[in-house]
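Participant: Once you've had a glance at the structure underneath, I'll fire off some questions.
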Amino acid sequence: MLATRQSLTAFLQRSTRANASLSQNLFLSTKVQVEHGRGQWKTYGDIQNFQENKFQVQTFNKISPVGLGKFPADKYDVRTGGSEAANAHAILLRSHKLKEEEVPHTVRAIARCGAGTNNVPVARMTELGIPVFNTPGANANAVKELVLCGMFLGSRRIVDGINHMKDLGSQGLARERVEKDKAMFGGRELSGKTLAVIGLGHIGASTAKDAAALGMDVVGYDPGLSVTSALKLPRSIQLADSIVSAVKQADYISINIPYIKGEGGTHGIIGKDVISNFKADAVLLNFARGELVDSEAMKVHLDECNGRYVSDFPDDLLWDHKNSLILPHLGASTEEAEDAAASMAAETIKNFLEKGTIVNSVNFPETSLPDR
């Protein structure tokens with residue numbers, strides 16, 4: 001038995017030395033990379049400006065003070081106005097076009113105060129394991145109200161009438177000509193007309209509900225209609241099975257869908273094949289994204305028919321067309337919307353940094369961790 005134990009001990013010793021030598025050779029022959037997905041290992045953060053026991057948040061654009069107030073000062077170091085933020089754990093922004101080199105290696109999350117995230121390199125952030133958050137629904141009421149405003153503007157030549165009165169006023173002819181010239185700016189009422197809503201998310205569902213309250217008939221199309229949005233729709237709404245079938249009999253068409261680039265995306269989704277099915281006097285309302293509409297096809301329609309195009313985005317082709325109204329991206333430009341979006345973004349960042357909760361992320365699944 002003793003001999004057996006001695007033999008076993010010697011075997012184990014030889015085996016251990018052999019494994020150690022093998023491991024060392026493997027280590028020396030294998031290239032080991034220690035990185036964060038962005039090349040060589042670097043020094044993270046700035047020790048001179050590091051504040052112990054605090055999360056640092058870097059902001060781009062002017063973020064609502066109401067939203068920033070959601071970060072308690074004893075836990076968060078919020079850097080605004082271009083202040084140095086080399087230790088940032090999170091980034092909060094609005095319309096700033098974020099570049100990868102502006103994202104410190106310490107960043108764990110990015111939140112945009114708004115629904116769209118096309119100004120953030122989402123694909124690259126996904127590769128780096130950084131969730132990108134948005135604030136769906138925070139500006140829905142503001143945009144919805146502007147859509148309704150757009151319907152009124154498209155129903156009567158209100159802007160043309162205002163400009164005409166300014167011209168007459170400058171000549172001292174306003175009182176003399178007002179009754180005679182008002183016939184130049186006639187229009188129609190919304191009640192009894194049909195509105196087609198393309199996209200029935202937060203904004204679309206809210207628009208449909210208020211349009212029905214104005215006495216309009218509403219047709220909707222959304223292949224990805226959620227239960228939550230469906231519960232907000234007016235009972236009288238008719239659901240179409242395609243964009244074309246939705247717009248065929250519509251007097252007004254409101255686009256409320258996201259802009260998605262690439263094959264199978266939504267670029268130019270309102271193109272010739274859709275616009276050719278518009279009624280001659282249909283009003284197209286675009287408060288979603290300018291790139292959704294094919295401007296060339298829209299111009300042909302406006303040239304040949306008596307329709308209108310009301311858009312909240314710049315358009316190099318239609319900006320001065322007599323039948324188009326181009327607004328300077330005012331959809332979410334209200335105090336209330338900016339406060340709501342910033343507050344939602346701040347709460348989202350807090351929940352992720354403090355608890356690991358992921359909600360309203362465009363590149364990571366929803367996650368809720370138990371309290372630690």
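As shown in the structure tokens, the chain order sets the letters A, B, ...; within each chain, residues go from 1, and ligands are also counted from 1 in the order they appear.
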Would you mind writing down, as a PDB file with all heavy atoms, in the first residue's frame, each residue of stretch 220-313 of chain A that DSSP on the backbone assigns to strand (DSSP E or B)?

Facilitator:
ATOM      1  N   GLY A 220     -57.457  53.523 -39.725  1.00  0.00           N
ATOM      2  CA  GLY A 220     -56.101  53.348 -39.218  1.00  0.00           C
ATOM      3  C   GLY A 220     -55.395  52.160 -39.834  1.00  0.00           C
ATOM      4  O   GLY A 220     -56.025  51.186 -40.249  1.00  0.00           O
ATOM      5  N   TYR A 221     -54.063  52.268 -39.905  1.00  0.00           N
ATOM      6  CA  TYR A 221     -53.255  51.139 -40.369  1.00  0.00           C
ATOM      7  C   TYR A 221     -52.011  51.031 -39.504  1.00  0.00           C
ATOM      8  O   TYR A 221     -51.262  51.997 -39.337  1.00  0.00           O
ATOM      9  CB  TYR A 221     -52.845  51.300 -41.834  1.00  0.00           C
ATOM     10  CG  TYR A 221     -51.840  50.258 -42.271  1.00  0.00           C
ATOM     11  CD1 TYR A 221     -52.241  48.930 -42.459  1.00  0.00           C
ATOM     12  CD2 TYR A 221     -50.495  50.564 -42.449  1.00  0.00           C
ATOM     13  CE1 TYR A 221     -51.325  47.948 -42.828  1.00  0.00           C
ATOM     14  CE2 TYR A 221     -49.569  49.597 -42.821  1.00  0.00           C
ATOM     15  CZ  TYR A 221     -49.992  48.284 -43.003  1.00  0.00           C
ATOM     16  OH  TYR A 221     -49.088  47.322 -43.352  1.00  0.00           O
ATOM     17  N   GLN A 238     -61.963  52.345 -38.175  1.00  0.00           N
ATOM     18  CA  GLN A 238     -61.902  51.212 -39.076  1.00  0.00           C
ATOM     19  C   GLN A 238     -60.426  50.900 -39.349  1.00  0.00           C
ATOM     20  O   GLN A 238     -59.655  51.813 -39.667  1.00  0.00           O
ATOM     21  CB  GLN A 238     -62.608  51.530 -40.398  1.00  0.00           C
ATOM     22  CG  GLN A 238     -64.097  51.787 -40.247  1.00  0.00           C
ATOM     23  CD  GLN A 238     -64.751  52.087 -41.596  1.00  0.00           C
ATOM     24  OE1 GLN A 238     -64.151  51.880 -42.644  1.00  0.00           O
ATOM     25  NE2 GLN A 238     -65.981  52.560 -41.556  1.00  0.00           N
ATOM     26  N   LEU A 239     -60.051  49.644 -39.239  1.00  0.00           N
ATOM     27  CA  LEU A 239     -58.663  49.254 -39.465  1.00  0.00           C
ATOM     28  C   LEU A 239     -58.485  48.725 -40.883  1.00  0.00           C
ATOM     29  O   LEU A 239     -59.241  47.844 -41.322  1.00  0.00           O
ATOM     30  CB  LEU A 239     -58.231  48.200 -38.442  1.00  0.00           C
ATOM     31  CG  LEU A 239     -58.214  48.665 -36.982  1.00  0.00           C
ATOM     32  CD1 LEU A 239     -57.805  47.519 -36.062  1.00  0.00           C
ATOM     33  CD2 LEU A 239     -57.268  49.844 -36.793  1.00  0.00           C
ATOM     34  N   TYR A 252     -57.690  63.464 -45.222  1.00  0.00           N
ATOM     35  CA  TYR A 252     -56.463  63.824 -44.503  1.00  0.00           C
ATOM     36  C   TYR A 252     -55.702  62.535 -44.191  1.00  0.00           C
ATOM     37  O   TYR A 252     -56.313  61.509 -43.861  1.00  0.00           O
ATOM     38  CB  TYR A 252     -56.776  64.559 -43.195  1.00  0.00           C
ATOM     39  CG  TYR A 252     -57.580  65.825 -43.394  1.00  0.00           C
ATOM     40  CD1 TYR A 252     -58.977  65.779 -43.492  1.00  0.00           C
ATOM     41  CD2 TYR A 252     -56.946  67.064 -43.497  1.00  0.00           C
ATOM     42  CE1 TYR A 252     -59.717  66.928 -43.701  1.00  0.00           C
ATOM     43  CE2 TYR A 252     -57.687  68.222 -43.701  1.00  0.00           C
ATOM     44  CZ  TYR A 252     -59.073  68.152 -43.811  1.00  0.00           C
ATOM     45  OH  TYR A 252     -59.792  69.301 -44.025  1.00  0.00           O
ATOM     46  N   ILE A 253     -54.380  62.593 -44.304  1.00  0.00           N
ATOM     47  CA  ILE A 253     -53.546  61.424 -44.015  1.00  0.00           C
ATOM     48  C   ILE A 253     -52.441  61.860 -43.063  1.00  0.00           C
ATOM     49  O   ILE A 253     -51.669  62.776 -43.371  1.00  0.00           O
ATOM     50  CB  ILE A 253     -52.914  60.848 -45.301  1.00  0.00           C
ATOM     51  CG1 ILE A 253     -54.013  60.407 -46.284  1.00  0.00           C
ATOM     52  CG2 ILE A 253     -51.975  59.690 -44.973  1.00  0.00           C
ATOM     53  CD1 ILE A 253     -53.848  60.924 -47.667  1.00  0.00           C
ATOM     54  N   SER A 254     -52.362  61.219 -41.905  1.00  0.00           N
ATOM     55  CA  SER A 254     -51.328  61.541 -40.916  1.00  0.00           C
ATOM     56  C   SER A 254     -50.344  60.378 -40.801  1.00  0.00           C
ATOM     57  O   SER A 254     -50.740  59.243 -40.547  1.00  0.00           O
ATOM     58  CB  SER A 254     -51.973  61.810 -39.549  1.00  0.00           C
ATOM     59  OG  SER A 254     -50.987  62.073 -38.577  1.00  0.00           O
ATOM     60  N   ILE A 255     -49.056  60.680 -41.017  1.00  0.00           N
ATOM     61  CA  ILE A 255     -48.015  59.654 -40.902  1.00  0.00           C
ATOM     62  C   ILE A 255     -47.436  59.698 -39.490  1.00  0.00           C
ATOM     63  O   ILE A 255     -46.990  60.747 -39.030  1.00  0.00           O
ATOM     64  CB  ILE A 255     -46.864  59.897 -41.897  1.00  0.00           C
ATOM     65  CG1 ILE A 255     -47.399  60.305 -43.264  1.00  0.00           C
ATOM     66  CG2 ILE A 255     -45.993  58.670 -42.025  1.00  0.00           C
ATOM     67  CD1 ILE A 255     -46.312  60.791 -44.199  1.00  0.00           C
ATOM     68  N   ILE A 270     -43.938  56.612 -48.263  1.00  0.00           N
ATOM     69  CA  ILE A 270     -45.048  57.325 -48.910  1.00  0.00           C
ATOM     70  C   ILE A 270     -44.515  57.803 -50.253  1.00  0.00           C
ATOM     71  O   ILE A 270     -44.067  58.940 -50.427  1.00  0.00           O
ATOM     72  CB  ILE A 270     -45.536  58.516 -48.047  1.00  0.00           C
ATOM     73  CG1 ILE A 270     -45.849  58.049 -46.635  1.00  0.00           C
ATOM     74  CG2 ILE A 270     -46.778  59.156 -48.682  1.00  0.00           C
ATOM     75  CD1 ILE A 270     -46.932  56.987 -46.545  1.00  0.00           C
ATOM     76  N   VAL A 283     -54.984  66.021 -47.916  1.00  0.00           N
ATOM     77  CA  VAL A 283     -53.961  66.755 -47.167  1.00  0.00           C
ATOM     78  C   VAL A 283     -53.061  65.738 -46.467  1.00  0.00           C
ATOM     79  O   VAL A 283     -53.534  64.946 -45.653  1.00  0.00           O
ATOM     80  CB  VAL A 283     -54.598  67.693 -46.126  1.00  0.00           C
ATOM     81  CG1 VAL A 283     -53.506  68.402 -45.314  1.00  0.00           C
ATOM     82  CG2 VAL A 283     -55.503  68.713 -46.800  1.00  0.00           C
ATOM     83  N   LEU A 284     -51.770  65.759 -46.791  1.00  0.00           N
ATOM     84  CA  LEU A 284     -50.816  64.852 -46.150  1.00  0.00           C
ATOM     85  C   LEU A 284     -50.131  65.587 -45.006  1.00  0.00           C
ATOM     86  O   LEU A 284     -49.572  66.672 -45.184  1.00  0.00           O
ATOM     87  CB  LEU A 284     -49.762  64.378 -47.164  1.00  0.00           C
ATOM     88  CG  LEU A 284     -48.665  63.465 -46.586  1.00  0.00           C
ATOM     89  CD1 LEU A 284     -49.261  62.160 -46.042  1.00  0.00           C
ATOM     90  CD2 LEU A 284     -47.604  63.164 -47.644  1.00  0.00           C
ATOM     91  N   LEU A 285     -50.160  64.977 -43.824  1.00  0.00           N
ATOM     92  CA  LEU A 285     -49.582  65.560 -42.613  1.00  0.00           C
ATOM     93  C   LEU A 285     -48.388  64.720 -42.190  1.00  0.00           C
ATOM     94  O   LEU A 285     -48.546  63.558 -41.811  1.00  0.00           O
ATOM     95  CB  LEU A 285     -50.631  65.588 -41.493  1.00  0.00           C
ATOM     96  CG  LEU A 285     -51.958  66.267 -41.855  1.00  0.00           C
ATOM     97  CD1 LEU A 285     -53.078  65.753 -40.967  1.00  0.00           C
ATOM     98  CD2 LEU A 285     -51.834  67.770 -41.747  1.00  0.00           C
ATOM     99  N   ASN A 286     -47.195  65.299 -42.267  1.00  0.00           N
ATOM    100  CA  ASN A 286     -45.986  64.562 -41.915  1.00  0.00           C
ATOM    101  C   ASN A 286     -45.317  65.193 -40.694  1.00  0.00           C
ATOM    102  O   ASN A 286     -44.564  66.169 -40.811  1.00  0.00           O
ATOM    103  CB  ASN A 286     -45.012  64.539 -43.095  1.00  0.00           C
ATOM    104  CG  ASN A 286     -43.761  63.725 -42.793  1.00  0.00           C
ATOM    105  OD1 ASN A 286     -43.654  63.088 -41.750  1.00  0.00           O
ATOM    106  ND2 ASN A 286     -42.808  63.758 -43.709  1.00  0.00           N
ATOM    107  N   VAL A 293     -41.341  60.545 -46.835  1.00  0.00           N
ATOM    108  CA  VAL A 293     -42.100  60.964 -48.021  1.00  0.00           C
ATOM    109  C   VAL A 293     -41.169  61.173 -49.212  1.00  0.00           C
ATOM    110  O   VAL A 293     -40.126  61.818 -49.102  1.00  0.00           O
ATOM    111  CB  VAL A 293     -42.877  62.265 -47.729  1.00  0.00           C
ATOM    112  CG1 VAL A 293     -43.596  62.760 -48.986  1.00  0.00           C
ATOM    113  CG2 VAL A 293     -43.885  62.033 -46.599  1.00  0.00           C
ATOM    114  N   ARG A 308     -52.718  69.244 -50.381  1.00  0.00           N
ATOM    115  CA  ARG A 308     -51.813  70.027 -49.538  1.00  0.00           C
ATOM    116  C   ARG A 308     -50.798  69.082 -48.886  1.00  0.00           C
ATOM    117  O   ARG A 308     -51.076  67.906 -48.661  1.00  0.00           O
ATOM    118  CB  ARG A 308     -52.573  70.737 -48.421  1.00  0.00           C
ATOM    119  CG  ARG A 308     -53.683  71.665 -48.866  1.00  0.00           C
ATOM    120  CD  ARG A 308     -53.164  73.009 -49.372  1.00  0.00           C
ATOM    121  NE  ARG A 308     -54.262  73.926 -49.603  1.00  0.00           N
ATOM    122  CZ  ARG A 308     -54.995  73.946 -50.717  1.00  0.00           C
ATOM    123  NH1 ARG A 308     -54.734  73.086 -51.698  1.00  0.00           N
ATOM    124  NH2 ARG A 308     -55.987  74.815 -50.864  1.00  0.00           N
ATOM    125  N   TYR A 309     -49.639  69.643 -48.566  1.00  0.00           N
ATOM    126  CA  TYR A 309     -48.611  68.906 -47.831  1.00  0.00           C
ATOM    127  C   TYR A 309     -48.164  69.773 -46.663  1.00  0.00           C
ATOM    128  O   TYR A 309     -47.651  70.874 -46.853  1.00  0.00           O
ATOM    129  CB  TYR A 309     -47.430  68.567 -48.732  1.00  0.00           C
ATOM    130  CG  TYR A 309     -46.309  67.805 -48.035  1.00  0.00           C
ATOM    131  CD1 TYR A 309     -46.594  66.706 -47.229  1.00  0.00           C
ATOM    132  CD2 TYR A 309     -44.972  68.168 -48.206  1.00  0.00           C
ATOM    133  CE1 TYR A 309     -45.578  65.988 -46.608  1.00  0.00           C
ATOM    134  CE2 TYR A 309     -43.946  67.450 -47.590  1.00  0.00           C
ATOM    135  CZ  TYR A 309     -44.262  66.363 -46.789  1.00  0.00           C
ATOM    136  OH  TYR A 309     -43.257  65.658 -46.160  1.00  0.00           O
ATOM    137  N   VAL A 310     -48.395  69.280 -45.445  1.00  0.00           N
ATOM    138  CA  VAL A 310     -47.980  69.991 -44.236  1.00  0.00           C
ATOM    139  C   VAL A 310     -46.923  69.131 -43.557  1.00  0.00           C
ATOM    140  O   VAL A 310     -47.201  68.003 -43.141  1.00  0.00           O
ATOM    141  CB  VAL A 310     -49.166  70.237 -43.277  1.00  0.00           C
ATOM    142  CG1 VAL A 310     -48.706  71.075 -42.082  1.00  0.00           C
ATOM    143  CG2 VAL A 310     -50.317  70.922 -44.001  1.00  0.00           C
ATOM    144  N   SER A 311     -45.700  69.659 -43.462  1.00  0.00           N
ATOM    145  CA  SER A 311     -44.598  68.887 -42.908  1.00  0.00           C
ATOM    146  C   SER A 311     -43.858  69.674 -41.831  1.00  0.00           C
ATOM    147  O   SER A 311     -43.751  70.897 -41.902  1.00  0.00           O
ATOM    148  CB  SER A 311     -43.614  68.501 -44.023  1.00  0.00           C
ATOM    149  OG  SER A 311     -42.466  67.853 -43.486  1.00  0.00           O
TER     150      SER A 311
END

Participant: From a DSSP pass on the backbone, collect the residues of stretch 51-163 of chain A flagged as helix (DSSP H, G or I) and hand them back as number ranges by chain.

Facilitator: A: 65-68, 100-102, 122-127, 140-155, 158-163

Participant: For A:Ala250, work out the shell of residues within 12 Å, counting only C-alpha atoms and skipping chain neighbours fewer than 5 positions away, then give it as a list in words.

Facilitator: Leu190, Gly192, Lys193, Thr194, Leu195, Ala196, Val197, Ile198, Met216, Asp217, Val218, Val219, Gly220, Gln238, Ala240, Ile243, Val244, Ser245, Ile275, Asn277, Phe278, Lys279, Ala280, Asp281, Ala282, Val283, Leu284, Leu285 and Gly307 of chain A

Participant: Those same residues - N, CA, C and O atoms - I'd like them written as a short mmCIF file (atom, residue, chain, number, x, y, z; two decimals), in the first residue's frame.

Facilitator:
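For reference, result_32.cif as written:
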data_model
loop_
_atom_site.label_atom_id
_atom_site.label_comp_id
_atom_site.auth_asym_id
_atom_site.auth_seq_id
_atom_site.Cartn_x
_atom_site.Cartn_y
_atom_site.Cartn_z
N LEU A 190 -63.58 70.20 -40.88
CA LEU A 190 -63.10 68.85 -40.59
C LEU A 190 -64.22 67.86 -40.31
O LEU A 190 -64.11 66.68 -40.62
N GLY A 192 -67.06 65.41 -40.40
CA GLY A 192 -67.61 64.61 -41.49
C GLY A 192 -66.57 64.15 -42.50
O GLY A 192 -66.87 63.35 -43.38
N LYS A 193 -65.33 64.62 -42.37
CA LYS A 193 -64.27 64.21 -43.28
C LYS A 193 -63.57 62.97 -42.74
O LYS A 193 -63.74 62.59 -41.58
N THR A 194 -62.77 62.33 -43.58
CA THR A 194 -62.09 61.09 -43.20
C THR A 194 -60.60 61.32 -43.00
O THR A 194 -59.93 61.93 -43.85
N LEU A 195 -60.10 60.84 -41.87
CA LEU A 195 -58.69 60.91 -41.55
C LEU A 195 -58.10 59.50 -41.56
O LEU A 195 -58.60 58.61 -40.89
N ALA A 196 -57.02 59.31 -42.32
CA ALA A 196 -56.28 58.05 -42.29
C ALA A 196 -55.05 58.24 -41.42
O ALA A 196 -54.26 59.16 -41.66
N VAL A 197 -54.90 57.39 -40.42
CA VAL A 197 -53.75 57.47 -39.51
C VAL A 197 -52.84 56.28 -39.79
O VAL A 197 -53.23 55.13 -39.57
N ILE A 198 -51.63 56.55 -40.28
CA ILE A 198 -50.67 55.50 -40.61
C ILE A 198 -49.70 55.38 -39.43
O ILE A 198 -48.84 56.24 -39.25
N MET A 216 -64.84 63.45 -37.06
CA MET A 216 -64.24 62.87 -38.27
C MET A 216 -64.38 61.35 -38.26
O MET A 216 -64.46 60.73 -37.20
N ASP A 217 -64.42 60.78 -39.45
CA ASP A 217 -64.35 59.33 -39.60
C ASP A 217 -62.87 58.95 -39.65
O ASP A 217 -62.09 59.60 -40.36
N VAL A 218 -62.48 57.93 -38.92
CA VAL A 218 -61.07 57.59 -38.81
C VAL A 218 -60.79 56.18 -39.32
O VAL A 218 -61.47 55.22 -38.96
N VAL A 219 -59.78 56.09 -40.19
CA VAL A 219 -59.28 54.82 -40.69
C VAL A 219 -57.83 54.68 -40.22
O VAL A 219 -57.07 55.65 -40.30
N GLY A 220 -57.46 53.52 -39.72
CA GLY A 220 -56.10 53.35 -39.22
C GLY A 220 -55.40 52.16 -39.83
O GLY A 220 -56.02 51.19 -40.25
N GLN A 238 -61.96 52.35 -38.17
CA GLN A 238 -61.90 51.21 -39.08
C GLN A 238 -60.43 50.90 -39.35
O GLN A 238 -59.66 51.81 -39.67
N ALA A 240 -57.51 49.28 -41.59
CA ALA A 240 -57.22 48.87 -42.96
C ALA A 240 -56.11 47.81 -42.96
O ALA A 240 -55.37 47.67 -41.99
N ILE A 243 -51.42 50.38 -46.35
CA ILE A 243 -51.39 51.85 -46.41
C ILE A 243 -52.27 52.34 -47.55
O ILE A 243 -53.04 53.30 -47.39
N VAL A 244 -52.20 51.68 -48.70
CA VAL A 244 -52.98 52.09 -49.86
C VAL A 244 -54.47 52.06 -49.57
O VAL A 244 -55.20 53.01 -49.88
N SER A 245 -54.94 50.98 -48.97
CA SER A 245 -56.38 50.89 -48.67
C SER A 245 -56.80 51.92 -47.64
O SER A 245 -57.95 52.38 -47.64
N ILE A 275 -49.03 57.64 -53.10
CA ILE A 275 -49.56 58.97 -53.42
C ILE A 275 -50.51 58.94 -54.61
O ILE A 275 -51.47 59.72 -54.67
N ASN A 277 -52.75 57.01 -55.10
CA ASN A 277 -54.07 56.61 -54.61
C ASN A 277 -54.74 57.69 -53.75
O ASN A 277 -55.83 57.49 -53.24
N PHE A 278 -54.06 58.85 -53.58
CA PHE A 278 -54.65 59.96 -52.83
C PHE A 278 -55.84 60.55 -53.58
O PHE A 278 -55.85 60.57 -54.82
N LYS A 279 -56.80 61.07 -52.84
CA LYS A 279 -57.83 61.90 -53.45
C LYS A 279 -57.16 63.18 -53.95
O LYS A 279 -56.13 63.60 -53.42
N ALA A 280 -57.75 63.82 -54.94
CA ALA A 280 -57.14 65.01 -55.55
C ALA A 280 -56.90 66.12 -54.54
O ALA A 280 -55.92 66.87 -54.64
N ASP A 281 -57.78 66.24 -53.54
CA ASP A 281 -57.65 67.33 -52.57
C ASP A 281 -57.20 66.85 -51.19
O ASP A 281 -57.42 67.52 -50.18
N ALA A 282 -56.55 65.68 -51.14
CA ALA A 282 -56.11 65.13 -49.85
C ALA A 282 -55.00 65.98 -49.24
O ALA A 282 -54.17 66.55 -49.95
N VAL A 283 -54.98 66.02 -47.92
CA VAL A 283 -53.96 66.75 -47.17
C VAL A 283 -53.06 65.74 -46.47
O VAL A 283 -53.53 64.95 -45.65
N LEU A 284 -51.77 65.76 -46.79
CA LEU A 284 -50.82 64.85 -46.15
C LEU A 284 -50.13 65.59 -45.01
O LEU A 284 -49.57 66.67 -45.18
N LEU A 285 -50.16 64.98 -43.82
CA LEU A 285 -49.58 65.56 -42.61
C LEU A 285 -48.39 64.72 -42.19
O LEU A 285 -48.55 63.56 -41.81
N GLY A 307 -54.25 69.23 -53.71
CA GLY A 307 -53.98 68.73 -52.38
C GLY A 307 -53.04 69.65 -51.61
O GLY A 307 -52.62 70.71 -52.10
#

Participant: At what distance in Å, to one decimal, does atom CA of A:Ala345 lie from atom CA of A:Cys113?

Facilitator: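 Result for atom CA of A:Cys113 versus atom CA of A:Ala345: 5.8 Å, one decimal.
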
Participant: Could you name the residues that touch A:Ala88 at 10 Å or less, counting only C-alpha atoms, but leaving out those on the same chain fewer than 5 positions away, as an NGL selection string?

Facilitator: :A and (45-46 or 50 or 55-59 or 77-79 or 103-109)

Participant: Since we have the selection now, will you write its residues out, keeping C-alpha atoms, as a PDB file, in the first residue's frame?

Facilitator:
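New file selection.pdb:
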ATOM      1  CA  GLY A  45     -11.655  58.372 -16.766  1.00  0.00           C
ATOM      2  CA  ASP A  46      -9.938  61.375 -15.204  1.00  0.00           C
ATOM      3  CA  PHE A  50     -13.375  61.844 -10.076  1.00  0.00           C
ATOM      4  CA  PHE A  55     -22.464  58.585 -10.824  1.00  0.00           C
ATOM      5  CA  GLN A  56     -21.398  61.119 -13.440  1.00  0.00           C
ATOM      6  CA  VAL A  57     -23.872  62.108 -16.174  1.00  0.00           C
ATOM      7  CA  GLN A  58     -22.759  63.983 -19.283  1.00  0.00           C
ATOM      8  CA  THR A  59     -25.331  66.066 -21.163  1.00  0.00           C
ATOM      9  CA  ASP A  77     -22.474  64.559 -10.673  1.00  0.00           C
ATOM     10  CA  VAL A  78     -24.268  66.102 -13.668  1.00  0.00           C
ATOM     11  CA  ARG A  79     -22.012  67.835 -16.194  1.00  0.00           C
ATOM     12  CA  VAL A 103     -18.491  58.312 -25.654  1.00  0.00           C
ATOM     13  CA  PRO A 104     -16.005  57.814 -22.782  1.00  0.00           C
ATOM     14  CA  HIS A 105     -14.967  54.242 -21.977  1.00  0.00           C
ATOM     15  CA  THR A 106     -16.712  54.608 -18.615  1.00  0.00           C
ATOM     16  CA  VAL A 107     -20.167  55.090 -20.166  1.00  0.00           C
ATOM     17  CA  ARG A 108     -22.709  52.415 -19.289  1.00  0.00           C
ATOM     18  CA  ALA A 109     -25.875  53.882 -20.838  1.00  0.00           C
TER      19      ALA A 109
END

Participant: Applying 9 Å and only C-alpha atoms, which residues near A:Val143 remain after dropping the ones on its own chain fewer than 4 positions away? List them as a PyMOL selection string.

Facilitator: chain A and resi 139+147-148+203+287-288+330-333+337

Participant: Tell me, as number ranges by chain, which residues lie within 10 Å of A:Asn360, counting only C-alpha atoms; anything in the same chain fewer than 2 positions away does not count.

Facilitator: A: 111, 115, 131-136, 344-345, 348, 358, 362-366

Participant: Would you please work out which residue, of A:Arg188, A:His164, A:Lys232, A:Lys261, is nearest to A:Thr207 when using only C-alpha atoms?

Facilitator: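 Of all the options, A:Lys232 lies closest to A:Thr207.
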
Participant: Excluding same-chain residues fewer than 5 positions from A:Glu336, what lies within 12 Å of it counting only C-alpha atoms, as a short mmCIF file (atom, residue, chain, number, x, y, z; two decimals) with all heavy atoms, in the first residue's frame?

Facilitator:
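The resulting file, around.cif, is reproduced below:
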data_model
loop_
_atom_site.label_atom_id
_atom_site.label_comp_id
_atom_site.auth_asym_id
_atom_site.auth_seq_id
_atom_site.Cartn_x
_atom_site.Cartn_y
_atom_site.Cartn_z
N SER A 64 -33.87 69.92 -20.07
CA SER A 64 -34.80 70.56 -19.13
C SER A 64 -34.31 70.44 -17.69
O SER A 64 -33.97 69.34 -17.23
CB SER A 64 -36.18 69.90 -19.26
OG SER A 64 -36.96 70.17 -18.12
N PRO A 65 -34.28 71.56 -16.94
CA PRO A 65 -33.90 71.52 -15.53
C PRO A 65 -34.80 70.60 -14.70
O PRO A 65 -34.36 70.03 -13.71
CB PRO A 65 -34.04 72.97 -15.08
CG PRO A 65 -33.92 73.78 -16.34
CD PRO A 65 -34.55 72.92 -17.40
N VAL A 66 -36.06 70.47 -15.14
CA VAL A 66 -36.98 69.58 -14.43
C VAL A 66 -36.48 68.14 -14.51
O VAL A 66 -36.52 67.39 -13.53
CB VAL A 66 -38.41 69.69 -15.03
CG1 VAL A 66 -39.34 68.66 -14.39
CG2 VAL A 66 -38.96 71.10 -14.82
N GLY A 67 -36.00 67.76 -15.69
CA GLY A 67 -35.46 66.41 -15.86
C GLY A 67 -34.18 66.21 -15.09
O GLY A 67 -34.00 65.20 -14.40
N ALA A 138 -43.46 60.50 -24.40
CA ALA A 138 -43.26 61.70 -23.58
C ALA A 138 -43.69 62.97 -24.31
O ALA A 138 -44.19 63.91 -23.69
CB ALA A 138 -41.80 61.81 -23.15
N ASN A 139 -43.50 63.00 -25.62
CA ASN A 139 -43.89 64.20 -26.38
C ASN A 139 -45.13 63.97 -27.23
O ASN A 139 -45.45 64.77 -28.12
CB ASN A 139 -42.73 64.66 -27.27
CG ASN A 139 -42.32 63.61 -28.30
OD1 ASN A 139 -42.99 62.59 -28.45
ND2 ASN A 139 -41.23 63.85 -29.00
N ALA A 140 -45.85 62.88 -26.97
CA ALA A 140 -46.98 62.50 -27.82
C ALA A 140 -48.07 63.58 -27.87
O ALA A 140 -48.60 63.89 -28.94
CB ALA A 140 -47.59 61.18 -27.34
N ASN A 141 -48.39 64.17 -26.73
CA ASN A 141 -49.46 65.17 -26.71
C ASN A 141 -49.07 66.41 -27.50
O ASN A 141 -49.87 66.97 -28.25
CB ASN A 141 -49.81 65.56 -25.28
CG ASN A 141 -51.03 66.46 -25.22
OD1 ASN A 141 -52.14 66.04 -25.52
ND2 ASN A 141 -50.82 67.72 -24.87
N ALA A 142 -47.80 66.83 -27.36
CA ALA A 142 -47.33 68.02 -28.09
C ALA A 142 -47.40 67.80 -29.59
O ALA A 142 -47.87 68.67 -30.35
CB ALA A 142 -45.91 68.36 -27.66
N VAL A 143 -46.94 66.64 -30.05
CA VAL A 143 -46.96 66.35 -31.48
C VAL A 143 -48.40 66.20 -31.97
O VAL A 143 -48.76 66.71 -33.04
CB VAL A 143 -46.15 65.08 -31.79
CG1 VAL A 143 -46.22 64.75 -33.28
CG2 VAL A 143 -44.69 65.25 -31.36
N GLY A 331 -42.67 69.96 -33.54
CA GLY A 331 -43.51 68.93 -32.93
C GLY A 331 -43.42 68.82 -31.42
O GLY A 331 -44.43 68.86 -30.72
N ALA A 341 -40.00 64.51 -21.38
CA ALA A 341 -38.99 63.65 -22.01
C ALA A 341 -37.71 63.59 -21.17
O ALA A 341 -37.14 62.51 -20.98
CB ALA A 341 -38.67 64.17 -23.41
N ALA A 342 -37.28 64.73 -20.66
CA ALA A 342 -36.06 64.76 -19.85
C ALA A 342 -36.26 63.99 -18.54
O ALA A 342 -35.36 63.27 -18.09
CB ALA A 342 -35.66 66.20 -19.55
N SER A 343 -37.44 64.12 -17.95
CA SER A 343 -37.73 63.41 -16.70
C SER A 343 -37.75 61.91 -16.92
O SER A 343 -37.20 61.14 -16.13
CB SER A 343 -39.08 63.88 -16.13
OG SER A 343 -39.05 65.25 -15.79
#

Participant: To one decimal place, how far is atom CA of A:Gly262 from atom CA of A:Glu102 in Å?

Facilitator: 25.3 Å
